[in-house]
file protein-v2.pdb (PDB, C-alpha atoms, pLDDT in the B column)
ATOM      1  CA  MET A  18      83.238-232.002 -88.927  1.00 39.00           C
ATOM      2  CA  ALA A  19      84.796-229.704 -91.514  1.00 39.00           C
ATOM      3  CA  LEU A  20      82.830-226.801 -92.965  1.00 41.00           C
ATOM      4  CA  SER A  21      82.115-226.875 -96.630  1.00 41.00           C
ATOM      5  CA  GLU A  22      83.383-224.078 -98.775  1.00 40.00           C
ATOM      6  CA  ASP A  23      79.917-222.492 -99.064  1.00 44.00           C
ATOM      7  CA  SER A  24      79.127-222.684 -95.312  1.00 42.00           C
ATOM      8  CA  THR A  25      78.357-219.323 -93.636  1.00 43.00           C
ATOM      9  CA  ASP A  26      80.382-218.287 -90.592  1.00 45.00           C
ATOM     10  CA  THR A  27      77.812-217.121 -87.973  1.00 45.00           C
ATOM     11  CA  THR A  28      80.355-215.906 -85.395  1.00 43.00           C
ATOM     12  CA  PRO A  29      79.558-212.214 -84.618  1.00 45.00           C
ATOM     13  CA  SER A  30      82.318-209.878 -85.598  1.00 47.00           C
ATOM     14  CA  LEU A  31      83.580-207.108 -83.345  1.00 46.00           C
ATOM     15  CA  PRO A  32      83.368-203.572 -84.655  1.00 47.00           C
ATOM     16  CA  PRO A  33      86.616-202.114 -85.837  1.00 51.00           C
ATOM     17  CA  GLY A  34      88.733-200.430 -83.204  1.00 52.00           C
ATOM     18  CA  ASP A  35      90.651-201.420 -80.083  1.00 52.00           C
ATOM     19  CA  GLY A  36      87.625-202.409 -77.888  1.00 52.00           C
ATOM     20  CA  SER A  37      87.638-199.193 -75.791  1.00 48.00           C
ATOM     21  CA  GLU A  38      83.843-198.836 -76.108  1.00 50.00           C
ATOM     22  CA  ARG A  39      83.334-202.283 -74.561  1.00 49.00           C
ATOM     23  CA  ARG A  40      85.791-201.557 -71.783  1.00 48.00           C
ATOM     24  CA  GLY A  41      83.987-198.292 -71.100  1.00 48.00           C
ATOM     25  CA  ARG A  42      80.716-200.145 -70.626  1.00 49.00           C
ATOM     26  CA  VAL A  43      82.423-202.571 -68.220  1.00 44.00           C
ATOM     27  CA  ARG A  44      83.863-199.681 -66.156  1.00 45.00           C
ATOM     28  CA  LEU A  45      80.443-198.022 -66.010  1.00 40.00           C
ATOM     29  CA  ARG A  46      78.784-201.198 -64.693  1.00 44.00           C
ATOM     30  CA  ARG A  47      81.584-201.668 -62.149  1.00 41.00           C
ATOM     31  CA  ALA A  48      81.239-198.082 -60.886  1.00 38.00           C
ATOM     32  CA  ALA A  49      77.478-198.550 -60.522  1.00 38.00           C
ATOM     33  CA  LEU A  50      78.024-201.688 -58.423  1.00 38.00           C
ATOM     34  CA  MET A  51      80.547-199.917 -56.207  1.00 37.00           C
ATOM     35  CA  GLY A  52      78.161-197.006 -55.651  1.00 38.00           C
ATOM     36  CA  ALA A  53      75.216-199.213 -54.706  1.00 38.00           C
ATOM     37  CA  PRO A  54      76.323-199.973 -51.095  1.00 37.00           C
ATOM     38  CA  ALA A  55      76.915-196.270 -50.338  1.00 37.00           C
ATOM     39  CA  PHE A  56      73.472-195.398 -51.711  1.00 37.00           C
ATOM     40  CA  ALA A  57      71.894-198.189 -49.635  1.00 39.00           C
ATOM     41  CA  ILE A  58      73.594-196.961 -46.442  1.00 34.00           C
ATOM     42  CA  ALA A  59      72.514-193.367 -47.047  1.00 36.00           C
ATOM     43  CA  SER A  60      68.944-194.472 -47.765  1.00 36.00           C
ATOM     44  CA  THR A  61      68.874-196.574 -44.591  1.00 33.00           C
ATOM     45  CA  LEU A  62      70.069-193.630 -42.479  1.00 35.00           C
ATOM     46  CA  VAL A  63      67.319-191.427 -43.922  1.00 37.00           C
ATOM     47  CA  VAL A  64      64.670-194.054 -43.140  1.00 35.00           C
ATOM     48  CA  LEU A  65      65.989-194.675 -39.603  1.00 37.00           C
ATOM     49  CA  THR A  66      66.071-190.959 -38.849  1.00 37.00           C
ATOM     50  CA  ALA A  67      62.497-190.537 -40.093  1.00 35.00           C
ATOM     51  CA  GLN A  68      61.388-193.439 -37.895  1.00 37.00           C
ATOM     52  CA  GLY A  69      63.108-191.989 -34.829  1.00 40.00           C
ATOM     53  CA  ALA A  70      65.679-194.790 -34.742  1.00 39.00           C
ATOM     54  CA  LEU A  71      68.494-192.246 -34.870  1.00 41.00           C
ATOM     55  CA  ALA A  72      68.575-188.792 -33.369  1.00 44.00           C
ATOM     56  CA  ALA A  73      69.378-186.074 -35.860  1.00 40.00           C
ATOM     57  CA  GLN A  74      72.768-184.712 -34.840  1.00 64.00           C
ATOM     58  CA  PHE A  75      74.294-181.238 -35.155  1.00 86.00           C
ATOM     59  CA  ALA A  76      77.816-179.981 -34.604  1.00 93.00           C
ATOM     60  CA  ILE A  77      78.175-178.845 -31.001  1.00 95.00           C
ATOM     61  CA  SER A  78      80.002-175.667 -29.991  1.00 95.00           C
ATOM     62  CA  GLY A  79      82.058-177.564 -27.419  1.00 95.00           C
ATOM     63  CA  MET A  80      81.049-175.138 -24.648  1.00 96.00           C
ATOM     64  CA  PRO A  81      79.346-176.990 -21.762  1.00 97.00           C
ATOM     65  CA  PHE A  82      76.323-175.465 -20.064  1.00 97.00           C
ATOM     66  CA  THR A  83      74.644-176.176 -16.736  1.00 98.00           C
ATOM     67  CA  VAL A  84      70.960-177.067 -16.347  1.00 98.00           C
ATOM     68  CA  THR A  85      69.210-177.358 -12.976  1.00 98.00           C
ATOM     69  CA  ALA A  86      65.599-177.905 -11.925  1.00 98.00           C
ATOM     70  CA  ASP A  87      63.794-178.507  -8.667  1.00 98.00           C
ATOM     71  CA  THR A  88      61.884-181.396 -10.245  1.00 98.00           C
ATOM     72  CA  LEU A  89      61.989-183.232 -13.557  1.00 98.00           C
ATOM     73  CA  GLN A  90      59.053-185.520 -14.350  1.00 98.00           C
ATOM     74  CA  GLY A  91      58.780-187.437 -17.573  1.00 98.00           C
ATOM     75  CA  THR A  92      57.034-190.253 -19.421  1.00 98.00           C
ATOM     76  CA  GLY A  93      58.767-192.441 -21.980  1.00 98.00           C
ATOM     77  CA  PHE A  94      62.312-192.368 -20.606  1.00 98.00           C
ATOM     78  CA  GLY A  95      65.475-193.762 -22.207  1.00 98.00           C
ATOM     79  CA  GLN A  96      69.220-193.367 -21.644  1.00 97.00           C
ATOM     80  CA  PHE A  97      72.288-194.554 -23.545  1.00 96.00           C
ATOM     81  CA  GLY A  98      75.778-193.474 -24.541  1.00 94.00           C
ATOM     82  CA  GLY A  99      76.683-191.328 -27.521  1.00 93.00           C
ATOM     83  CA  LEU A 100      79.405-189.220 -29.102  1.00 92.00           C
ATOM     84  CA  ASP A 101      79.012-185.505 -29.892  1.00 94.00           C
ATOM     85  CA  LYS A 102      81.300-183.795 -32.405  1.00 94.00           C
ATOM     86  CA  MET A 103      82.500-180.234 -32.901  1.00 95.00           C
ATOM     87  CA  PRO A 104      83.135-178.669 -36.310  1.00 95.00           C
ATOM     88  CA  GLU A 105      86.611-179.240 -37.717  1.00 94.00           C
ATOM     89  CA  GLY A 106      89.035-176.680 -36.336  1.00 94.00           C
ATOM     90  CA  SER A 107      86.840-175.668 -33.384  1.00 96.00           C
ATOM     91  CA  PRO A 108      88.800-173.562 -30.855  1.00 95.00           C
ATOM     92  CA  ASN A 109      87.027-175.482 -28.080  1.00 95.00           C
ATOM     93  CA  ALA A 110      88.331-178.893 -29.135  1.00 95.00           C
ATOM     94  CA  GLY A 111      91.389-178.808 -26.843  1.00 93.00           C
ATOM     95  CA  ASP A 112      92.940-182.275 -26.615  1.00 92.00           C
ATOM     96  CA  THR A 113      89.597-184.082 -27.205  1.00 90.00           C
ATOM     97  CA  GLY A 114      89.937-184.280 -30.965  1.00 93.00           C
ATOM     98  CA  GLY A 115      86.649-182.398 -31.201  1.00 94.00           C
ATOM     99  CA  GLN A 116      84.653-185.273 -29.712  1.00 94.00           C
ATOM    100  CA  VAL A 117      82.807-185.581 -26.412  1.00 94.00           C
ATOM    101  CA  LEU A 118      81.488-188.821 -24.938  1.00 94.00           C
ATOM    102  CA  VAL A 119      78.006-188.096 -23.589  1.00 95.00           C
ATOM    103  CA  ILE A 120      75.048-189.639 -21.789  1.00 95.00           C
ATOM    104  CA  ILE A 121      71.993-189.177 -23.996  1.00 96.00           C
ATOM    105  CA  THR A 122      68.767-188.880 -22.011  1.00 97.00           C
ATOM    106  CA  ALA A 123      65.573-189.015 -24.079  1.00 97.00           C
ATOM    107  CA  ILE A 124      62.105-188.293 -22.667  1.00 98.00           C
ATOM    108  CA  ARG A 125      58.900-188.385 -24.697  1.00 98.00           C
ATOM    109  CA  GLU A 126      57.054-185.830 -22.511  1.00 98.00           C
ATOM    110  CA  ALA A 127      58.787-183.860 -19.733  1.00 98.00           C
ATOM    111  CA  GLU A 128      57.925-181.199 -17.166  1.00 98.00           C
ATOM    112  CA  LEU A 129      60.499-179.199 -15.186  1.00 98.00           C
ATOM    113  CA  THR A 130      59.900-176.799 -12.302  1.00 98.00           C
ATOM    114  CA  ASN A 131      62.186-173.868 -11.567  1.00 98.00           C
ATOM    115  CA  LEU A 132      64.427-174.428 -14.587  1.00 98.00           C
ATOM    116  CA  CYS A 133      67.794-172.677 -14.729  1.00 98.00           C
ATOM    117  CA  GLN A 134      70.337-172.796 -17.550  1.00 98.00           C
ATOM    118  CA  SER A 135      73.681-171.003 -17.689  1.00 98.00           C
ATOM    119  CA  VAL A 136      76.748-170.963 -19.921  1.00 97.00           C
ATOM    120  CA  GLU A 137      80.022-169.207 -19.125  1.00 96.00           C
ATOM    121  CA  LEU A 138      81.102-166.609 -21.676  1.00 94.00           C
ATOM    122  CA  GLY A 139      84.549-165.305 -20.800  1.00 89.00           C
ATOM    123  CA  GLY A 140      84.050-164.557 -17.125  1.00 90.00           C
ATOM    124  CA  THR A 141      80.323-163.795 -17.240  1.00 96.00           C
ATOM    125  CA  PHE A 142      77.320-166.096 -17.557  1.00 97.00           C
ATOM    126  CA  LEU A 143      74.353-166.091 -19.913  1.00 97.00           C
ATOM    127  CA  HIS A 144      71.595-166.954 -17.448  1.00 96.00           C
ATOM    128  CA  ILE A 145      68.123-168.289 -18.356  1.00 97.00           C
ATOM    129  CA  THR A 146      65.276-169.134 -15.970  1.00 97.00           C
ATOM    130  CA  ALA A 147      61.704-170.332 -16.567  1.00 98.00           C
ATOM    131  CA  GLY A 148      58.910-172.275 -14.869  1.00 96.00           C
ATOM    132  CA  ASN A 149      59.487-170.693 -11.472  1.00 95.00           C
ATOM    133  CA  LYS A 150      56.035-169.161 -10.870  1.00 95.00           C
ATOM    134  CA  GLY A 151      53.826-172.218 -10.570  1.00 94.00           C
ATOM    135  CA  THR A 152      53.641-173.214 -14.257  1.00 97.00           C
ATOM    136  CA  PRO A 153      56.259-175.832 -15.224  1.00 98.00           C
ATOM    137  CA  VAL A 154      58.392-175.861 -18.339  1.00 98.00           C
ATOM    138  CA  LYS A 155      57.101-178.459 -20.802  1.00 98.00           C
ATOM    139  CA  ALA A 156      59.051-180.296 -23.486  1.00 97.00           C
ATOM    140  CA  SER A 157      58.104-182.931 -26.063  1.00 97.00           C
ATOM    141  CA  GLY A 158      60.699-185.211 -27.641  1.00 96.00           C
ATOM    142  CA  LEU A 159      63.347-183.929 -25.241  1.00 96.00           C
ATOM    143  CA  THR A 160      66.949-185.158 -25.517  1.00 96.00           C
ATOM    144  CA  THR A 161      69.937-183.942 -23.524  1.00 96.00           C
ATOM    145  CA  ASP A 162      73.589-184.819 -24.154  1.00 96.00           C
ATOM    146  CA  SER A 163      75.342-184.714 -20.784  1.00 96.00           C
ATOM    147  CA  THR A 164      78.726-185.496 -19.297  1.00 97.00           C
ATOM    148  CA  GLU A 165      77.389-185.375 -15.729  1.00 97.00           C
ATOM    149  CA  ILE A 166      73.945-185.876 -14.155  1.00 97.00           C
ATOM    150  CA  SER A 167      73.048-185.750 -10.479  1.00 97.00           C
ATOM    151  CA  GLY A 168      69.950-185.521  -8.332  1.00 97.00           C
ATOM    152  CA  LYS A 169      68.814-185.798  -4.730  1.00 97.00           C
ATOM    153  CA  LEU A 170      66.337-188.553  -5.627  1.00 96.00           C
ATOM    154  CA  ALA A 171      65.547-190.490  -8.813  1.00 97.00           C
ATOM    155  CA  ALA A 172      62.515-192.770  -9.193  1.00 97.00           C
ATOM    156  CA  PHE A 173      61.505-194.909 -12.191  1.00 98.00           C
ATOM    157  CA  ASP A 174      58.456-197.004 -13.071  1.00 98.00           C
ATOM    158  CA  ASN A 175      58.970-200.301 -14.946  1.00 98.00           C
ATOM    159  CA  ILE A 176      62.640-199.687 -15.603  1.00 97.00           C
ATOM    160  CA  GLU A 177      64.674-201.991 -17.870  1.00 97.00           C
ATOM    161  CA  ILE A 178      68.459-201.811 -17.449  1.00 97.00           C
ATOM    162  CA  GLY A 179      70.989-203.320 -19.821  1.00 97.00           C
ATOM    163  CA  GLY A 180      68.874-203.468 -22.958  1.00 97.00           C
ATOM    164  CA  ASP A 181      70.177-202.820 -26.449  1.00 97.00           C
ATOM    165  CA  ALA A 182      69.410-199.145 -27.085  1.00 96.00           C
ATOM    166  CA  SER A 183      68.408-199.835 -30.697  1.00 96.00           C
ATOM    167  CA  THR A 184      65.415-201.890 -29.487  1.00 97.00           C
ATOM    168  CA  PHE A 185      63.912-199.247 -27.170  1.00 97.00           C
ATOM    169  CA  ASP A 186      60.248-198.359 -27.651  1.00 96.00           C
ATOM    170  CA  LYS A 187      59.554-196.065 -24.674  1.00 98.00           C
ATOM    171  CA  PRO A 188      61.717-192.959 -25.347  1.00 97.00           C
ATOM    172  CA  PRO A 189      61.225-190.710 -28.406  1.00 96.00           C
ATOM    173  CA  VAL A 190      64.475-191.903 -30.047  1.00 94.00           C
ATOM    174  CA  LYS A 191      66.424-195.138 -30.165  1.00 92.00           C
ATOM    175  CA  GLY A 192      70.142-195.547 -29.613  1.00 93.00           C
ATOM    176  CA  PRO A 193      72.791-197.246 -31.783  1.00 91.00           C
ATOM    177  CA  LEU A 194      72.854-201.016 -32.231  1.00 94.00           C
ATOM    178  CA  GLY A 195      74.835-202.821 -29.533  1.00 95.00           C
ATOM    179  CA  VAL A 196      74.911-199.894 -27.098  1.00 95.00           C
ATOM    180  CA  PHE A 197      74.028-200.488 -23.440  1.00 96.00           C
ATOM    181  CA  GLY A 198      71.042-198.504 -22.193  1.00 97.00           C
ATOM    182  CA  GLN A 199      68.041-198.301 -19.931  1.00 98.00           C
ATOM    183  CA  GLN A 200      64.398-197.313 -20.419  1.00 98.00           C
ATOM    184  CA  ALA A 201      61.366-196.801 -18.180  1.00 98.00           C
ATOM    185  CA  ASP A 202      57.707-195.832 -18.359  1.00 98.00           C
ATOM    186  CA  THR A 203      58.233-192.775 -16.128  1.00 98.00           C
ATOM    187  CA  VAL A 204      61.044-190.892 -14.413  1.00 98.00           C
ATOM    188  CA  THR A 205      61.102-188.395 -11.542  1.00 98.00           C
ATOM    189  CA  ILE A 206      64.290-186.652 -10.415  1.00 98.00           C
ATOM    190  CA  LYS A 207      64.469-184.189  -7.543  1.00 98.00           C
ATOM    191  CA  ASN A 208      67.066-181.396  -7.549  1.00 98.00           C
ATOM    192  CA  VAL A 209      68.414-182.453 -10.919  1.00 98.00           C
ATOM    193  CA  ARG A 210      71.689-180.976 -12.149  1.00 98.00           C
ATOM    194  CA  GLN A 211      73.249-181.625 -15.557  1.00 98.00           C
ATOM    195  CA  THR A 212      76.383-180.588 -17.397  1.00 98.00           C
ATOM    196  CA  ASN A 213      75.233-180.598 -21.028  1.00 97.00           C
ATOM    197  CA  TYR A 214      76.697-180.111 -24.461  1.00 97.00           C
ATOM    198  CA  ALA A 215      73.423-180.248 -26.395  1.00 96.00           C
ATOM    199  CA  THR A 216      69.659-180.194 -25.891  1.00 95.00           C
ATOM    200  CA  THR A 217      66.981-180.827 -28.513  1.00 95.00           C
ATOM    201  CA  ALA A 218      63.195-180.977 -28.374  1.00 95.00           C
ATOM    202  CA  THR A 219      60.367-181.138 -30.883  1.00 95.00           C
ATOM    203  CA  ARG A 220      58.522-178.587 -28.729  1.00 96.00           C
ATOM    204  CA  PHE A 221      59.743-176.485 -25.780  1.00 96.00           C
ATOM    205  CA  THR A 222      57.397-174.232 -23.751  1.00 97.00           C
ATOM    206  CA  LEU A 223      59.045-171.905 -21.223  1.00 97.00           C
ATOM    207  CA  PRO A 224      56.596-169.871 -19.094  1.00 98.00           C
ATOM    208  CA  ASP A 225      57.944-166.809 -17.260  1.00 97.00           C
ATOM    209  CA  LEU A 226      61.131-166.868 -19.325  1.00 97.00           C
ATOM    210  CA  HIS A 227      63.896-164.534 -18.180  1.00 97.00           C
ATOM    211  CA  MET A 228      67.299-164.171 -19.877  1.00 97.00           C
ATOM    212  CA  SER A 229      70.165-161.976 -18.687  1.00 96.00           C
ATOM    213  CA  PHE A 230      73.912-161.808 -18.051  1.00 96.00           C
ATOM    214  CA  SER A 231      75.032-162.623 -14.538  1.00 95.00           C
ATOM    215  CA  SER A 232      78.189-162.955 -12.507  1.00 94.00           C
ATOM    216  CA  ARG A 233      77.008-166.385 -11.298  1.00 94.00           C
ATOM    217  CA  GLY A 234      75.838-169.531 -13.036  1.00 95.00           C
ATOM    218  CA  CYS A 235      73.085-171.936 -11.978  1.00 96.00           C
TER     219      CYS A 235
END
call {"tool": "encode", "arguments": {"input": "protein-v2.pdb", "output": "structure tokens"}}
result
Amino acid sequence: MALSEDSTDTTPSLPPGDGSERRGRVRLRRAALMGAPAFAIASTLVVLTAQGALAAQFAISGMPFTVTADTLQGTGFGQFGGLDKMPEGSPNAGDTGGQVLVIITAIREAELTNLCQSVELGGTFLHITAGNKGTPVKASGLTTDSTEISGKLAAFDNIEIGGDASTFDKPPVKGPLGVFGQQADTVTIKNVRQTNYATTATRFTLPDLHMSFSSRGC
């Protein structure tokens, strides 16, 4: 049907110019959509860390240290694999690319008798002892990142082996999704020895602490 001569054209007219303002609005919306997934991931990581689903990580020095104890007893035990990283350009990286594959052991409440820790510093050792006069070392929310763990005897109560570490509810922290792990109500290890790259705890009490340099490690 043809329009009469006095009909009004209601089609909205574009403002003068080449349309750059409209294109700018389109680019702004597109950038906001692209940024949304990154914001969601960051927010999720913050929430998971606050809930104990992920352990807060720090850059390791790359210098291993030895920890020994006559007895380790703990409640709320979990263990799973992880990856520790050194700062970029670390002189200790060697041919590892600055990464170390570790066994993460997490214990909600732990006691250790006759604790010894040592780290080699260019031919001498920084030597630390505690809990060797009848009062054990106590730690809450203890995690150790180890490349080697040994003991004369290890005993567990209600152990579960092969579970997904992200589903654990006994240790103080969970592991990553899809990672093999084990958890137990309690753990006891006699003559424990660890080669560690990191240790964290929400609280660490060391009675009879003694620190010195020595020609021998633990």
call {"tool": "closest_residue", "arguments": {"input": "protein-v2.pdb", "among": "A:Asn149, A:Gln96, A:Gln134, A:Gln200", "to": "Pro224 in chain A", "atoms": "only C-alpha atoms"}}
result
A:Asn149
call {"tool": "resolve_selection", "arguments": {"input": "protein-v2.pdb", "expression": "the PyMOL selection byres ((chain A and resi 151) around 10)", "output": "ChimeraX atom specification"}}
result
/A:130-131,148-150,152-154,224-225
call {"tool": "resolve_selection", "arguments": {"input": "protein-v2.pdb", "expression": "the PyMOL selection byres ((chain A and resi 178) around 9)", "output": "PDB file with C-alpha atoms, keeping the file's coordinate frame"}}
result
ATOM      1  CA  ILE A 176      62.640-199.687 -15.603  1.00 97.00           C
ATOM      2  CA  GLU A 177      64.674-201.991 -17.870  1.00 97.00           C
ATOM      3  CA  GLY A 179      70.989-203.320 -19.821  1.00 97.00           C
ATOM      4  CA  GLY A 180      68.874-203.468 -22.958  1.00 97.00           C
ATOM      5  CA  PHE A 197      74.028-200.488 -23.440  1.00 96.00           C
ATOM      6  CA  GLY A 198      71.042-198.504 -22.193  1.00 97.00           C
ATOM      7  CA  GLN A 199      68.041-198.301 -19.931  1.00 98.00           C
ATOM      8  CA  GLN A 200      64.398-197.313 -20.419  1.00 98.00           C
ATOM      9  CA  ALA A 201      61.366-196.801 -18.180  1.00 98.00           C
TER      10      ALA A 201
END
call {"tool": "residues_around", "arguments": {"input": "protein-v2.pdb", "residues": "Ala76 in chain A", "least_positions_apart": "4", "cutoff": "9 Å", "atoms": "all atoms listed in the file", "output": "JSON, numbers by chain"}}
result
{"A": [101, 102, 103, 104]}
call {"tool": "resolve_selection", "arguments": {"input": "protein-v2.pdb", "expression": "the PyMOL selection byres ((chain A and resi 100) around 6)", "output": "list of chain:residue names"}}
result
A:Gly99, A:Asp101, A:Val117, A:Leu118, A:Val119
call {"tool": "atom_distance", "arguments": {"input": "protein-v2.pdb", "atom1": "CA of Ser78 in chain A", "atom2": "CA of Gly195 in chain A"}}
result
27.6 Å
call {"tool": "residues_around", "arguments": {"input": "protein-v2.pdb", "residues": "Gln90 in chain A", "least_positions_apart": "6", "cutoff": "12 Å", "atoms": "all atoms listed in the file", "output": "PyMOL selection string"}}
result
chain A and resi 124-130+153-156+159+170-174+202-209
call {"tool": "atom_distance", "arguments": {"input": "protein-v2.pdb", "atom1": "CA of Pro81 in chain A", "atom2": "CA of Thr212 in chain A"}}
result
6.4 Å
call {"tool": "atom_distance", "arguments": {"input": "protein-v2.pdb", "atom1": "CA of Leu226 in chain A", "atom2": "CA of Thr85 in chain A"}}
result
14.7 Å
